[in-house]
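S.K.: My questions will all concern the structure given below.
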Amino acid sequence: MKFFVDTADTAEIKDLAATGLIDGVTTNPSLIAKSGRNFAEVIEEICGLTEGHVSAEVVATDYETMVSEGKKLQAIASNVAVKLPLTMDGLRACRTLSDAGTAVNVTLCFSANQALLAAKAGAAYISPFIGRLDDINIDGMELIEDIRTIYDNYMFETEILAASIRSANHVKLSALAGADVATVPPNVLKGLVSHPLTDKGLAAFLADAEKGGVKV
Ligand code: E4P
């Protein structure tokens, strides 16, 4: 499973990239706004921090402007993946940009049928939003499972990018359901390493090593 980090905070991305655990980055207009930085500048900087795809989302809603914004974003760096919303214009723009060789991440997916349409439109990634479904008492994980089955039935190559992840459990369940990628906020990603028994065990090993004069 690939891990993308879901943030536009370049300091966080640098930190996490140094671990070697990061395969790409996703952003959205809310995360870019939160960074307080110029859109193109921040995307260019992020693209230099990872060799993987960096999703940058259009803000237009009509086909023509989506395509021209997508081309602008793609020109920033070769590892930009253009993020398009799951609307009819977004799907049409997905087909146009994908046919021209651009990786497209179709975002704001909340149903299996939407995911089927994105795959048919040639998307490189589909982003089902688990957390936002859970927020309205719909099981987000069931959606990942359904998309996995449908994509396998028809051998679609579109990668399932589990998004709107809020917890370590979301990461585990997405992996079990066969998501290809999880995009994870930095705090959740860092939390995956923690286990109290690891801390306790390490403390005991180090205490014994010190007592016994063990040196490497
Ligand atoms: C991913 O591409 C999305 O931008 C992100 O995961 C949305 O997460 P949220 O629902 O926590 O805002």
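Residue names in the structure tokens use chain letters A, B, ... in the order shown, residue numbers from 1 in each chain, and ligand numbers from 1 in the order shown.
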With only C-alpha atoms and all ligand atoms counted and 7 Å as the cut-off, give the residues of chain A in contact with ligand 1, each with its shortest interatomic distance in Å and the pair that gives it, as a Markdown table.

M.R.:
```
| residue | atom | partner | partner_atom_place_in_ligand_line | distance |
| --- | --- | --- | --- | --- |
| A:Asp6 | CA | ligand 1 | 6 (O) | 6.0 |
| A:Thr26 | CA | ligand 1 | 2 (O) | 5.2 |
| A:Thr27 | CA | ligand 1 | 4 (O) | 5.4 |
| A:Asn28 | CA | ligand 1 | 4 (O) | 4.7 |
| A:Thr107 | CA | ligand 1 | 2 (O) | 6.6 |
| A:Ser127 | CA | ligand 1 | 2 (O) | 6.4 |
| A:Phe129 | CA | ligand 1 | 10 (O) | 6.3 |
| A:Gly131 | CA | ligand 1 | 10 (O) | 5.7 |
| A:Arg132 | CA | ligand 1 | 10 (O) | 5.3 |
| A:Ala163 | CA | ligand 1 | 6 (O) | 3.9 |
| A:Ser164 | CA | ligand 1 | 8 (O) | 3.4 |
| A:Ile165 | CA | ligand 1 | 6 (O) | 6.0 |
| A:Arg166 | CA | ligand 1 | 11 (O) | 6.4 |
| A:Thr183 | CA | ligand 1 | 6 (O) | 6.2 |
| A:Val184 | CA | ligand 1 | 6 (O) | 6.9 |
```

S.K.: For the selection just defined, write its residues with N, CA, C and O atoms to a file, as an mmCIF file, in the first residue's frame.

M.R.:
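This is the output file result_28.cif:
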```cif
data_model
loop_
_atom_site.group_PDB
_atom_site.id
_atom_site.type_symbol
_atom_site.label_atom_id
_atom_site.label_comp_id
_atom_site.auth_asym_id
_atom_site.auth_seq_id
_atom_site.Cartn_x
_atom_site.Cartn_y
_atom_site.Cartn_z
ATOM 1 N N ASP A 6 -1.486 13.978 3.441
ATOM 2 C CA ASP A 6 -2.585 14.865 3.070
ATOM 3 C C ASP A 6 -2.384 16.225 3.737
ATOM 4 O O ASP A 6 -2.944 16.482 4.806
ATOM 5 N N THR A 26 -1.157 14.695 -1.197
ATOM 6 C CA THR A 26 -2.413 15.245 -1.724
ATOM 7 C C THR A 26 -2.674 16.589 -1.060
ATOM 8 O O THR A 26 -2.358 16.783 0.109
ATOM 9 N N THR A 27 -3.226 17.502 -1.853
ATOM 10 C CA THR A 27 -3.677 18.778 -1.295
ATOM 11 C C THR A 27 -5.106 18.987 -1.786
ATOM 12 O O THR A 27 -5.595 18.247 -2.643
ATOM 13 N N ASN A 28 -5.748 19.976 -1.226
ATOM 14 C CA ASN A 28 -7.051 20.411 -1.741
ATOM 15 C C ASN A 28 -7.129 21.922 -1.518
ATOM 16 O O ASN A 28 -6.252 22.482 -0.836
ATOM 17 N N THR A 107 -11.788 13.437 -7.271
ATOM 18 C CA THR A 107 -11.991 13.601 -5.825
ATOM 19 C C THR A 107 -13.467 13.788 -5.471
ATOM 20 O O THR A 107 -14.309 13.939 -6.344
ATOM 21 N N SER A 127 -10.697 9.079 -5.356
ATOM 22 C CA SER A 127 -10.580 9.393 -3.924
ATOM 23 C C SER A 127 -11.927 9.289 -3.206
ATOM 24 O O SER A 127 -12.689 10.259 -3.138
ATOM 25 N N PHE A 129 -14.044 9.421 0.070
ATOM 26 C CA PHE A 129 -13.843 10.156 1.330
ATOM 27 C C PHE A 129 -14.473 9.381 2.491
ATOM 28 O O PHE A 129 -15.663 9.534 2.781
ATOM 29 N N GLY A 131 -13.891 9.453 5.934
ATOM 30 C CA GLY A 131 -14.262 10.176 7.157
ATOM 31 C C GLY A 131 -15.553 10.957 6.996
ATOM 32 O O GLY A 131 -16.402 10.971 7.895
ATOM 33 N N ARG A 132 -15.710 11.598 5.834
ATOM 34 C CA ARG A 132 -16.917 12.416 5.649
ATOM 35 C C ARG A 132 -18.172 11.544 5.557
ATOM 36 O O ARG A 132 -19.266 11.998 5.904
ATOM 37 N N ALA A 163 -9.300 8.430 1.099
ATOM 38 C CA ALA A 163 -9.097 9.824 1.534
ATOM 39 C C ALA A 163 -10.016 10.142 2.706
ATOM 40 O O ALA A 163 -10.847 9.322 3.098
ATOM 41 N N SER A 164 -9.816 11.350 3.243
ATOM 42 C CA SER A 164 -10.580 11.784 4.424
ATOM 43 C C SER A 164 -10.383 10.779 5.559
ATOM 44 O O SER A 164 -11.333 10.370 6.219
ATOM 45 N N ILE A 165 -9.135 10.394 5.721
ATOM 46 C CA ILE A 165 -8.769 9.443 6.780
ATOM 47 C C ILE A 165 -8.575 10.225 8.066
ATOM 48 O O ILE A 165 -7.903 11.247 8.088
ATOM 49 N N ARG A 166 -9.178 9.738 9.137
ATOM 50 C CA ARG A 166 -9.144 10.484 10.399
ATOM 51 C C ARG A 166 -8.433 9.741 11.517
ATOM 52 O O ARG A 166 -8.186 10.311 12.569
ATOM 53 N N THR A 183 -4.277 8.338 1.768
ATOM 54 C CA THR A 183 -3.712 9.661 2.005
ATOM 55 C C THR A 183 -4.061 10.059 3.425
ATOM 56 O O THR A 183 -5.225 10.049 3.833
ATOM 57 N N VAL A 184 -3.005 10.351 4.180
ATOM 58 C CA VAL A 184 -3.142 10.404 5.630
ATOM 59 C C VAL A 184 -2.630 11.748 6.158
ATOM 60 O O VAL A 184 -1.537 12.183 5.774
#
```

S.K.: I'd like to know which residues of segment 123-167 of chain A are strand (DSSP E) (by DSSP, run on the backbone); could you write them as a list in words?

M.R.: Tyr125, Ile126, Ser127, Pro128, Glu159, Ile160, Leu161 and Ala162 of chain A

S.K.: What would the file look like if the residues just selected were written as a compact mmCIF listing (two decimals), in the first residue's frame with C-alpha atoms?

M.R.:
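The result, written out as again.txt:
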```txt
# COMPACT_ATOMS: atom_id res chain seq x y z
CA TYR A 125 -6.84 7.73 -8.91
CA ILE A 126 -10.28 7.75 -7.35
CA SER A 127 -10.58 9.39 -3.92
CA PRO A 128 -13.42 7.99 -1.80
CA GLU A 159 -5.98 3.26 -8.09
CA ILE A 160 -8.21 3.50 -5.04
CA LEU A 161 -6.90 6.36 -2.92
CA ALA A 162 -8.58 6.19 0.49
```

S.K.: Need the shell around segment 167-171 of chain A: protein/DNA/RNA residues with any atom at most 10 Å away, counting only C-alpha atoms. Skip same-chain ones fewer than 5 positions apart. Format as JSON, numbers by chain?

M.R.: {"A": [3, 130, 131, 140, 141, 162, 176, 177, 179, 181, 182, 183, 184, 185, 187, 188, 189, 190, 191, 192, 193]}

S.K.: Do a neighbour search on Ala60 of chain A at 9 Å with only C-alpha atoms, toss out local chain neighbours closer than 6 positions, and write the hits as a ChimeraX atom specification.

M.R.: /A:66-67,69

S.K.: Contacts of segment 155-157 of chain A at 10 Å or less, counting only C-alpha atoms, minus same-chain residues fewer than 2 places along, as an MDAnalysis selection string?

M.R.: chainID A and resid 116 119:120 122:125 148:153 159:160

S.K.: Generate a file of the selected residues that holds C-alpha atoms, formatted as a PDB file, in the first residue's frame.

M.R.:
```pdb
ATOM      1  CA  LEU A 116     -17.169   3.403 -11.751  1.00  0.00           C
ATOM      2  CA  ALA A 119     -12.529   4.684 -13.898  1.00  0.00           C
ATOM      3  CA  LYS A 120     -14.365   4.818 -17.225  1.00  0.00           C
ATOM      4  CA  GLY A 122      -9.551   7.231 -17.337  1.00  0.00           C
ATOM      5  CA  ALA A 123      -8.722   8.502 -13.845  1.00  0.00           C
ATOM      6  CA  ALA A 124      -5.349   7.480 -12.424  1.00  0.00           C
ATOM      7  CA  TYR A 125      -6.837   7.730  -8.905  1.00  0.00           C
ATOM      8  CA  ARG A 148     -12.343  -2.752  -4.938  1.00  0.00           C
ATOM      9  CA  THR A 149     -14.799  -5.422  -6.103  1.00  0.00           C
ATOM     10  CA  ILE A 150     -16.028  -3.385  -9.067  1.00  0.00           C
ATOM     11  CA  TYR A 151     -12.537  -2.407 -10.226  1.00  0.00           C
ATOM     12  CA  ASP A 152     -11.357  -6.022  -9.923  1.00  0.00           C
ATOM     13  CA  ASN A 153     -14.438  -7.290 -11.811  1.00  0.00           C
ATOM     14  CA  GLU A 159      -5.979   3.264  -8.094  1.00  0.00           C
ATOM     15  CA  ILE A 160      -8.215   3.504  -5.041  1.00  0.00           C
TER      16      ILE A 160
END
```

S.K.: Run DSSP on the backbone and tell me which residues of segment 12-142 of chain A come out as helix (DSSP H, G or I); list them as an MDAnalysis selection string.

M.R.: chainID A and resid 12:17 29:35 39:47 63:76 88:99 112:120 130:135 140:142

S.K.: Restrict the calculation to only C-alpha atoms, then for each residue of segment 49-157 of chain A with any atom at most 10 Å from an atom of segment 13-19 of chain A give the closest atom pair and their distance in Å to one decimal, rows by chain and rising residue number, as CSV.

M.R.:
```
residue,atom,partner,partner_atom,distance
A:Leu49,CA,A:Lys14,CA,6.4
A:Thr50,CA,A:Ala17,CA,6.9
A:Glu51,CA,A:Ala17,CA,9.9
```

S.K.: Which of these residues is nearest to Asp23 of chain A, using only C-alpha atoms: A:Asn79, A:Thr10, A:Thr61, A:Ser194?

M.R.: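 So, comparing all the options, the nearest one is A:Asn79.
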
S.K.: Can you tell me, as a list in words, what residues are no more than 12 Å from Phe39 of chain A when counting only C-alpha atoms, ignoring any on the same chain fewer than 5 positions away?

M.R.: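 Surrounding residues, per the criterion: Ala8, Thr27, Asn28, Pro29, Ser30, Leu31, Ile32, Ala33, Lys34, Glu44, Glu45, Ile46, Ala56, Glu57, Val58, Val59, Glu69, Lys72, Leu73 and Ile76 of chain A.
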
S.K.: At a cut-off of 7 Å, using only C-alpha atoms, what residues contact Gly24 of chain A? Leave out same-chain residues fewer than 5 positions from it and give the result as a list of chain:residue names.

M.R.: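 Residues near the query, excluding close chain neighbours: A:Phe3, A:Phe4, A:Val5, A:Thr50, A:Gly52, A:His53, A:Val54.
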
S.K.: May I ask for the distance between atom CA of Gly212 of chain A and atom CA of His195 of chain A, given in Å to one decimal place?

M.R.: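 Going from atom CA of Gly212 of chain A over to atom CA of His195 of chain A covers 26.0 Å.
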